[in-house]
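Engineer: My file is entry_39.cif. It has mmCIF, C-alpha atoms:
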data_input
loop_
_atom_site.group_PDB
_atom_site.id
_atom_site.type_symbol
_atom_site.label_atom_id
_atom_site.label_comp_id
_atom_site.auth_asym_id
_atom_site.auth_seq_id
_atom_site.Cartn_x
_atom_site.Cartn_y
_atom_site.Cartn_z
ATOM 1 C CA MET A 220 -12.341 3.635 1.205
ATOM 2 C CA LEU A 221 -12.575 -0.101 1.009
ATOM 3 C CA LYS A 222 -9.916 -2.472 2.230
ATOM 4 C CA LYS A 223 -8.665 -4.276 -0.854
ATOM 5 C CA LYS A 224 -6.315 -7.233 -0.515
ATOM 6 C CA ILE A 225 -3.611 -7.552 -3.173
ATOM 7 C CA SER A 226 -1.923 -10.928 -3.792
ATOM 8 C CA TYR A 227 1.391 -11.611 -5.489
ATOM 9 C CA THR A 228 2.343 -15.206 -6.335
ATOM 10 C CA LYS A 229 5.789 -16.556 -7.129
ATOM 11 C CA ALA A 230 4.708 -17.113 -10.765
ATOM 12 C CA GLN A 231 3.473 -13.511 -11.123
ATOM 13 C CA GLY A 232 6.514 -12.139 -9.398
ATOM 14 C CA ILE A 233 6.569 -9.052 -7.262
ATOM 15 C CA PRO A 234 6.864 -5.845 -9.307
ATOM 16 C CA PRO A 235 10.467 -4.663 -9.821
ATOM 17 C CA LYS A 236 11.890 -1.908 -7.642
ATOM 18 C CA ASN A 237 13.801 1.175 -8.794
ATOM 19 C CA ARG A 238 17.461 0.099 -8.404
ATOM 20 C CA LEU A 239 18.868 3.631 -8.104
ATOM 21 C CA ILE A 240 16.451 4.539 -5.318
ATOM 22 C CA MET A 241 17.104 1.205 -3.550
ATOM 23 C CA ALA A 242 20.874 1.910 -3.684
ATOM 24 C CA ILE A 243 20.319 5.360 -2.153
ATOM 25 C CA PHE A 244 18.217 3.834 0.629
ATOM 26 C CA LEU A 245 20.824 1.122 1.234
ATOM 27 C CA LEU A 246 23.670 3.627 1.636
ATOM 28 C CA LYS A 247 21.513 5.974 3.813
ATOM 29 C CA PHE A 248 24.054 8.833 4.003
ATOM 30 C CA PRO A 249 23.208 10.286 0.524
ATOM 31 C CA LEU A 250 19.812 11.337 1.942
ATOM 32 C CA VAL A 251 21.660 14.183 3.682
ATOM 33 C CA PHE A 252 22.353 15.924 0.369
ATOM 34 C CA PRO A 253 19.569 18.162 -1.047
ATOM 35 C CA PRO A 254 19.832 16.884 -4.666
ATOM 36 C CA ILE A 255 19.438 13.289 -3.459
ATOM 37 C CA LYS A 256 16.499 14.275 -1.228
ATOM 38 C CA TRP A 257 14.933 15.970 -4.247
ATOM 39 C CA LEU A 258 15.366 12.770 -6.306
ATOM 40 C CA VAL A 259 13.721 10.642 -3.618
ATOM 41 C CA LYS A 260 10.841 13.112 -3.274
ATOM 42 C CA LYS A 261 10.363 12.977 -7.060
ATOM 43 C CA TYR A 262 10.194 9.147 -6.788
ATOM 44 C CA LEU A 263 7.408 9.552 -4.189
ATOM 45 C CA ARG A 264 4.994 10.951 -6.768
ATOM 46 C CA HIS A 265 1.942 10.853 -4.448
ATOM 47 C CA CYS A 266 3.696 12.810 -1.678
ATOM 48 C CA HIS A 267 3.769 16.593 -1.343
ATOM 49 C CA ASN A 268 5.660 18.674 1.219
ATOM 50 C CA ILE A 269 7.173 15.781 3.161
ATOM 51 C CA GLY A 270 10.280 15.502 5.311
ATOM 52 C CA PHE A 271 12.431 12.532 6.293
ATOM 53 C CA TYR A 272 15.810 11.580 7.776
ATOM 54 C CA PRO A 273 18.542 9.240 6.529
ATOM 55 C CA GLY A 274 17.264 5.738 7.181
ATOM 56 C CA PHE A 275 13.910 6.464 5.497
ATOM 57 C CA THR A 276 13.116 3.614 3.098
ATOM 58 C CA CYS A 277 10.207 2.577 0.907
ATOM 59 C CA LEU A 278 9.948 -0.146 -1.715
ATOM 60 C CA TYR A 279 7.645 1.215 -4.418
ATOM 61 C CA GLY A 280 6.806 4.837 -3.605
ATOM 62 C CA ASN A 281 3.235 3.734 -2.930
ATOM 63 C CA ILE A 282 2.796 6.325 -0.151
ATOM 64 C CA HIS A 283 0.082 8.978 -0.381
ATOM 65 C CA ALA A 284 0.857 11.895 1.945
ATOM 66 C CA ARG A 285 0.762 15.670 2.177
ATOM 67 C CA ASN A 286 2.385 17.905 4.823
ATOM 68 C CA VAL A 287 3.841 15.067 6.914
ATOM 69 C CA PHE A 288 7.161 14.141 8.495
ATOM 70 C CA LEU A 289 8.180 10.524 7.893
ATOM 71 C CA GLY A 290 11.301 10.357 10.099
ATOM 72 C CA ASN A 291 13.531 7.371 9.363
ATOM 73 C CA THR A 292 10.613 4.983 8.927
ATOM 74 C CA VAL A 293 10.772 1.868 6.750
ATOM 75 C CA PHE A 294 7.708 1.424 4.522
ATOM 76 C CA PHE A 295 6.968 -1.996 2.998
ATOM 77 C CA ASP A 296 4.478 -0.466 0.585
ATOM 78 C CA TYR A 297 3.235 -3.345 -1.573
ATOM 79 C CA ALA A 298 -0.263 -1.864 -1.086
ATOM 80 C CA PRO A 299 -0.996 1.879 -0.792
ATOM 81 C CA ILE A 300 -0.318 3.703 2.471
ATOM 82 C CA TYR A 301 -2.510 6.784 2.984
ATOM 83 C CA ILE A 302 -1.239 9.313 5.542
ATOM 84 C CA GLY A 303 -3.285 12.346 6.664
ATOM 85 C CA GLU A 304 -1.934 15.878 6.973
ATOM 86 C CA LYS A 305 0.240 16.959 9.922
ATOM 87 C CA THR A 306 1.062 13.356 10.851
ATOM 88 C CA MET A 307 4.516 12.786 12.334
ATOM 89 C CA PHE A 308 6.591 9.629 12.548
ATOM 90 C CA SER A 309 9.363 9.545 15.110
ATOM 91 C CA TYR A 310 12.410 7.247 14.835
ATOM 92 C CA ASP A 311 12.832 3.625 13.695
ATOM 93 C CA ASN A 312 9.233 2.789 12.781
ATOM 94 C CA MET A 313 8.037 0.120 10.346
ATOM 95 C CA VAL A 314 4.856 0.237 8.274
ATOM 96 C CA ILE A 315 4.201 -3.175 6.722
ATOM 97 C CA THR A 316 1.376 -3.762 4.243
ATOM 98 C CA SER A 317 2.370 -7.321 3.329
ATOM 99 C CA SER A 318 2.109 -10.771 4.859
ATOM 100 C CA HIS A 319 2.410 -14.387 3.698
ATOM 101 C CA GLN A 320 -0.038 -17.291 3.676
ATOM 102 C CA TYR A 321 2.116 -19.361 5.994
ATOM 103 C CA GLU A 322 -0.566 -22.036 6.459
ATOM 104 C CA LYS A 323 -1.202 -22.641 2.731
ATOM 105 C CA ASP A 324 1.472 -21.368 0.363
ATOM 106 C CA PHE A 325 4.336 -19.268 1.718
ATOM 107 C CA THR A 326 5.245 -18.104 -1.794
ATOM 108 C CA VAL A 327 2.065 -15.991 -1.946
ATOM 109 C CA THR A 328 2.484 -12.456 -0.637
ATOM 110 C CA GLU A 329 -0.695 -10.610 0.337
ATOM 111 C CA ALA A 330 -0.903 -6.894 0.980
ATOM 112 C CA GLU A 331 -3.592 -4.649 2.453
ATOM 113 C CA PRO A 332 -3.637 -0.830 2.430
ATOM 114 C CA ILE A 333 -3.053 1.202 5.578
ATOM 115 C CA TYR A 334 -4.961 4.404 6.409
ATOM 116 C CA ILE A 335 -3.476 6.848 8.922
ATOM 117 C CA GLY A 336 -5.596 9.863 9.871
ATOM 118 C CA LYS A 337 -4.715 13.532 10.241
ATOM 119 C CA ASN A 338 -2.571 14.901 13.066
ATOM 120 C CA VAL A 339 -1.388 11.473 14.253
ATOM 121 C CA TRP A 340 1.853 11.089 16.178
ATOM 122 C CA ILE A 341 3.593 7.740 15.806
ATOM 123 C CA SER A 342 6.291 7.512 18.442
ATOM 124 C CA THR A 343 9.557 5.537 18.382
ATOM 125 C CA ARG A 344 9.950 1.920 17.156
ATOM 126 C CA CYS A 345 6.314 1.274 16.349
ATOM 127 C CA ILE A 346 5.147 -1.369 13.884
ATOM 128 C CA ILE A 347 1.943 -0.846 11.911
ATOM 129 C CA LEU A 348 0.558 -3.881 10.077
ATOM 130 C CA GLY A 349 -1.541 -4.070 6.900
ATOM 131 C CA GLY A 350 -5.272 -3.456 6.804
ATOM 132 C CA VAL A 351 -5.187 -1.034 9.754
ATOM 133 C CA ARG A 352 -6.982 2.306 10.051
ATOM 134 C CA ILE A 353 -5.710 4.847 12.567
ATOM 135 C CA GLY A 354 -8.134 7.660 13.418
ATOM 136 C CA ASP A 355 -7.414 11.397 13.506
ATOM 137 C CA ASN A 356 -5.479 12.877 16.466
ATOM 138 C CA ALA A 357 -4.290 9.474 17.706
ATOM 139 C CA VAL A 358 -0.995 8.927 19.525
ATOM 140 C CA ILE A 359 0.813 5.604 19.155
ATOM 141 C CA GLY A 360 3.144 4.933 22.102
ATOM 142 C CA SER A 361 6.752 3.762 21.781
ATOM 143 C CA GLY A 362 7.272 0.125 20.859
ATOM 144 C CA SER A 363 3.624 -0.471 19.955
ATOM 145 C CA VAL A 364 2.512 -3.064 17.417
ATOM 146 C CA VAL A 365 -0.701 -1.880 15.739
ATOM 147 C CA THR A 366 -2.600 -4.964 14.559
ATOM 148 C CA HIS A 367 -6.171 -3.601 14.466
ATOM 149 C CA ASP A 368 -8.035 -0.329 13.861
ATOM 150 C CA ILE A 369 -7.435 2.562 16.277
ATOM 151 C CA PRO A 370 -10.254 5.070 16.894
ATOM 152 C CA ALA A 371 -9.737 8.831 16.715
ATOM 153 C CA ASN A 372 -8.521 10.832 19.737
ATOM 154 C CA CYS A 373 -6.860 7.911 21.550
ATOM 155 C CA LEU A 374 -3.505 7.149 23.105
ATOM 156 C CA VAL A 375 -2.593 3.518 22.387
ATOM 157 C CA ALA A 376 0.416 1.463 23.425
ATOM 158 C CA GLY A 377 1.572 -2.115 23.831
ATOM 159 C CA ASN A 378 1.931 -5.312 21.847
ATOM 160 C CA PRO A 379 -0.695 -5.551 20.467
ATOM 161 C CA ALA A 380 -1.620 -1.870 20.830
ATOM 162 C CA LYS A 381 -4.509 -1.203 23.225
ATOM 163 C CA ILE A 382 -6.309 1.989 24.159
ATOM 164 C CA ILE A 383 -4.645 3.518 27.217
ATOM 165 C CA LYS A 384 -6.519 6.805 27.317
ATOM 166 C CA ARG A 385 -9.127 8.773 25.389
ATOM 167 C CA LEU A 386 -7.808 12.203 24.447
ATOM 168 C CA ALA A 387 -9.778 15.442 24.488
ATOM 169 C CA LYS A 388 -10.633 16.727 21.033
ATOM 170 C CA LYS A 389 -8.230 19.349 19.729
ATOM 171 C CA TYR A 390 -8.776 22.859 20.991
ATOM 172 C CA ASN A 391 -9.373 25.157 18.021
ATOM 173 C CA ALA A 392 -7.481 28.352 18.884
ATOM 174 C CA ALA A 393 -8.231 29.867 15.475
ATOM 175 C CA LYS A 394 -11.935 30.315 16.369
ATOM 176 C CA LYS A 395 -11.039 32.164 19.599
ATOM 177 C CA LEU A 396 -8.883 34.690 17.737
ATOM 178 C CA ARG A 397 -11.807 36.059 15.712
#
Reformat the file's structure so that it appears as structure tokens.
Structural biologist:
Amino acid sequence: MLKKKISYTKAQGIPPKNRLIMAIFLLKFPLVFPPIKWLVKKYLRHCHNIGFYPGFTCLYGNIHARNVFLGNTVFFDYAPIYIGEKTMFSYDNMVITSSHQYEKDFTVTEAEPIYIGKNVWISTRCIILGGVRIGDNAVIGSGSVVTHDIPANCLVAGNPAKIIKRLAKKYNAAKKLR
């Protein structure tokens, strides 16, 4: 998949958001009720079998995920966010695809997609910025700011996130049972 930058100018305007969904996200507590959860999951048309807590927020439903837990993460999804299976977000994370051209024209918003691999654990209060790829089986430590690509099977932490340790590849217990 190629990294494709999307630009929105003040003249173009940023696409409108769903007001009902934004009101639900603003109030937070309605996400406790199953019918409201169902409505939000219906809004996330590219997501299947996901879970989240009150505090979960996204702007456009531009999240592509299957069999993941999103916690109470805030997604600024101007560009697509692709999340691999069995990935888990802990509490109070932010995934931000957008930025501004602060040197040229601050009214221009640019967005780059984010790719998160399979079986990734994103710990508490992490920030993931646009244009980043996180490899399979990675662990992002608490309070990390991910500004560049993370290879597979790594533990990263810090601001900006740096590799702390290489992790052993996952042990496949299913093969041993045969």
Engineer: Quick one: of A:Asp311, A:Glu304, A:Asp368, A:Glu322, who's nearest to A:Lys337, counting only C-alpha atoms?
Structural biologist: A:Glu304
Engineer: Here's the selection I'm unsure about, the PyMOL selection byres ((chain A and resi 357) around 7); applied to the file above, which residues does it give, as a list in words?
Structural biologist: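 Written out, the selection comes to Val339, Trp340, Gly354, Asp355, Asn356, Val358, Ile359, Ala371, Asn372, Cys373 and Leu374 of chain A.
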Engineer: Atom CA of A:Leu278 and atom CA of A:Phe252 are how many Å apart?
Structural biologist: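 Here the two named atoms are 20.4 Å from each other.
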Engineer: Rounded to one decimal, what separation in Å do you get between atom CA of A:Tyr310 and atom CA of A:Leu263?
Structural biologist: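 Between these atoms lies a distance of 19.8 Å.
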Engineer: Convert the output of the PyMOL selection byres ((chain A and resi 300) around 9) on the shown file into explicit residues, formatted as a list in words.
Structural biologist: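 So the PyMOL selection byres ((chain A and resi 300) around 9) ends up selecting Asn281, Ile282, His283, Ala284, Phe294, Asp296, Tyr297, Ala298, Pro299, Tyr301, Ile302, Val314, Thr316, Glu331, Pro332, Ile333, Tyr334 and Ile335 of chain A.
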Engineer: What does the structure give for the distance between atom CA of A:Ala330 and atom CA of A:Leu246, in Å to one decimal?
Structural biologist: 26.7 Å
Engineer: Once the PyMOL selection byres ((chain A and resi 249) around 12) has been applied to the shown file, what residues remain in the selection, as a list in words?
Structural biologist: Leu239, Ile240, Met241, Ala242, Ile243, Phe244, Leu245, Leu246, Lys247, Phe248, Leu250, Val251, Phe252, Pro253, Pro254, Ile255, Lys256, Trp257, Leu258, Val259, Tyr272, Pro273, Gly274 and Phe275 of chain A
Engineer: Which one is closest to A:Phe295: A:Thr276, A:Ser361, A:Thr343, A:Asn338? Count all atoms listed in the file.
Structural biologist: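 Closest to A:Phe295 of all the choices is A:Thr276.
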Engineer: Could you give me, as a short mmCIF file (atom, residue, chain, number, x, y, z; two decimals) with C-alpha atoms, in the coordinates of the input, the residues within 6 Å of A:Phe288, counting only C-alpha atoms and dropping anything in the same chain fewer than 3 positions from it?
Structural biologist:
data_model
loop_
_atom_site.label_atom_id
_atom_site.label_comp_id
_atom_site.auth_asym_id
_atom_site.auth_seq_id
_atom_site.Cartn_x
_atom_site.Cartn_y
_atom_site.Cartn_z
CA ILE A 269 7.17 15.78 3.16
CA GLY A 270 10.28 15.50 5.31
CA PHE A 271 12.43 12.53 6.29
CA MET A 307 4.52 12.79 12.33
#
Engineer: So which residues touch A:Ile369 within 9 Å, counting all atoms listed in the file, skipping near sequence neighbours fewer than 6 positions away, as a list in words?
Structural biologist: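 My reading of the contact set: Val351, Arg352, Ile353, Gly354, Ala357, Val375, Ala380, Lys381 and Ile382 of chain A.
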Engineer: Here is a test: counting all atoms listed in the file, which residue of A:Lys323, A:Asn378, A:Ser318, A:Pro234 is nearest to A:Gly350?
Structural biologist: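 Closest candidate: A:Ser318.
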Engineer: Can you tell me, as a list in words, which residues sit within 9 Å of (5.8, -1.9, 24.8) in the file's frame, using only C-alpha atoms?
Structural biologist: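 Every polymer residue passing the test: Gly360, Ser361, Gly362, Ser363, Val364, Ala376, Gly377, Asn378, Pro379 and Ala380 of chain A.
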Engineer: For A:Asn291, which of A:Tyr321, A:Thr328, A:Arg264, A:Ser342 is the closest residue, counting all atoms listed in the file?
Structural biologist: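 The answer is A:Ser342, which sits nearest to A:Asn291.
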Engineer: Work out where the centre of an axis-aligned box around every listed atom of stretch 334-343 of chain A lies and how long its edges are once 8 Å is added on each side; give both in Å to one decimal as JSON.
Structural biologist:
{"center_x": 2.0, "center_y": 9.7, "center_z": 12.4, "size_x": 31.2, "size_y": 26.5, "size_z": 28.0}
